[in-house]
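Report on the following structure.
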Amino acid sequence: MVLAAAAPVVPRAVAKPPVTAESLTEEVRELRAEAADASATHERLRRRQLDQRAELAEVRERLDAERERLSALRDIAGQRAREQYRTGSAGSGGLARLILADSPDIFLRRVSLLERGDLAARRLLDEVLEAEAALARDELLASRTQAKLRQEAERQREIREEVERKLAAAEARLTELRELQAEREARASRAARQRAAAPLPAPPAPAGGDCVSAVRDADELAQPAGGGASWVAPVETYTLSASFAQHGGMWSSAHTGQDFAVPTGTPVRAVGSGMVVSVTCGDAFGNAVIIDHGNGYYSQYAHLSVTEVAQGQYIAVGQRLGRSGSTGNSTGPHLHFEIRLTPYVGSAIDPAPWLRDHGVTL
């Protein structure tokens with residue numbers, strides 16, 4: 001009996017679920033949440049690095065002092081050794097051997113003179129040994145701290161790249177979502193026209209209140225902050241309201257910035273110098289400006305009543321970007337301020353400690 005060969009099993013292609021507005025929206029939400037978590041980790045590393053740099057500075061100060069002390073002790077030991085050698089006093093060879101020995105251990109094994117006399121020389125030897133041990137400990141601590149700083153700097157770089165990748169993917173999905181929604185709206189519009197046999201309606205007029213811009217030249221803006229300040233608060237007089245990571249019914253997730261309660265029309269200024277990379281309107285942030293400060297961080301100013309700068313414009317610290325308002329998703333006049341790792345939503349960190357670390361206490 002001849003058995004027929006079994007037919008090869010061909011794997012069936014698994015159909016991908018259709019791309020829908022709901023699936024794209026969920027993917028954007030997940031990507032932004034993951035980027036926000038990574039941004040928080042980046043901020044924790046930045047804060048820890050500040051502590052480690054302060055610790056390293058203290059260790060280096062101690063090292064300088066210990067080196068000076070050890071050098072002085074060795075000078076004293078050398079003087080004592082020469083004096084004892086010349087005078088032939090008790091223990092005359094001990095300090096000379098200390099200076100010439102390869103190590104204090106060799107000296108101690110070889111010389112018993114200090115055990116029998118010359119208490120001052122013995123104390124001097126103890127002090128030299130103690131200073132050398134302290135120097136060695138602090139040199140090791142400085143080396144280890146420096147290695148940690150290098151490792152954490154590399155980890156920060158990797159996290160920043162991860163945040164940028166996730167948010168770039170989120171922006172790509174948002175583009176897909178807009179195209180999908182535009183396609184749906186176009187199909188619905190064509191179907192409606194066919195049913196009504198009516199001509200294409202005129203596009204709706206833009207909603208009032210948003211997209212208010214009055215771009216000014218740099219010379220027309222407020223003068224930069226005086227006193228040589230590198231960083232300033234975004235408004236001069238204010239009351240702090242909603243803070244970073246605060247929860248409430250006004251936000252779909254935790255609050256992503258620091259709110260400054262100010263009257264409509266309050267001048268809003270750049271917290272630091274940089275390049276305007278975005279001027280937007282019409283979304284939840286209303287009229288908003290984003291600045292790239294060139295140090296790996298961006299600042300955002302939202303809900304403005306009017307913007308007064310353009311994309312690509314260089315802004316000095318303290319120069320006016322616009323005036324506060326209540327545009328977008330806002331319940332009253334205030335400035336919503338963010339510090340971000342990227343220009344995109346999802347990379348915000350707590351701006352209050354960040355400003356404090358840059359010399360600005362809110």
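So you can find residues: chains in the structure tokens are A, B, ... in the order shown, residues in each start at 1, and ligands are numbered from 1 in order.
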ask   = Near A:Glu30, counting only C-alpha atoms, which residues have an atom at most 12 Å away, once you skip same-chain residues fewer than 5 positions from it, shown as a PyMOL selection string?
value = chain A and resi 23-25+35-37+166-167+169-170+173+253+346
Produce a table with one row for each residue of stretch 300-323 of chain A that has an atom at most 7 Å from any atom of stretch 259-270 of chain A, each row naming the nearest atom pair and its distance in Å at one decimal; use only C-alpha atoms; arrange rows by chain and rising residue number; format as a tab-separated table.
residue	atom	partner	partner_atom	distance
A:Ser305	CA	A:Gly265	CA	6.9
A:Val317	CA	A:Ala270	CA	5.5
A:Gly318	CA	A:Ala270	CA	5.0
A:Gln319	CA	A:Arg269	CA	5.1
A:Arg320	CA	A:Arg269	CA	4.2
A:Leu321	CA	A:Arg269	CA	5.4
A:Gly322	CA	A:Val268	CA	5.5
A:Arg323	CA	A:Pro267	CA	4.6
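In this model, the gap between atom CA of A:Glu161 and atom CA of A:Arg44 comes to 16.3 Å.
The two atoms in question, atom CA of A:Cys281 and atom CA of A:Gly328, are spaced 7.8 Å apart.
Across the structure, atom CA of A:Tyr314 and atom CA of A:Thr342 are spaced 17.9 Å apart.
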Near stretch 62-65 of chain A, 10 Å: stretch 114-175 of chain A residue rows, closest pairs, only C-alpha atoms, as CSV:
residue,atom,partner,partner_atom,distance
A:Ala134,CA,A:Leu63,CA,8.6
A:Leu135,CA,A:Leu63,CA,6.3
A:Ala136,CA,A:Leu63,CA,9.1
A:Arg137,CA,A:Leu63,CA,9.6
A:Asp138,CA,A:Leu63,CA,6.5
A:Glu139,CA,A:Leu63,CA,7.1
A:Ala142,CA,A:Leu63,CA,9.0
task = Would you mind listing what lies within 10 Å of A:Gly359 as a PyMOL selection string, with only C-alpha atoms counted and same-chain residues fewer than 3 positions away left out?
result = chain A and resi 229-233+353-356+362
query = Of the candidates A:Arg60, A:His336, A:Arg160, A:Arg187, which one gets nearest to A:His255 if we count only C-alpha atoms?
reply = A:His336
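In terms of minimum interatomic distance to A:Ser324, A:Ala288 ranks closest within A:Ala242, A:Val163, A:Ala310, A:Ala288, counting only C-alpha atoms.
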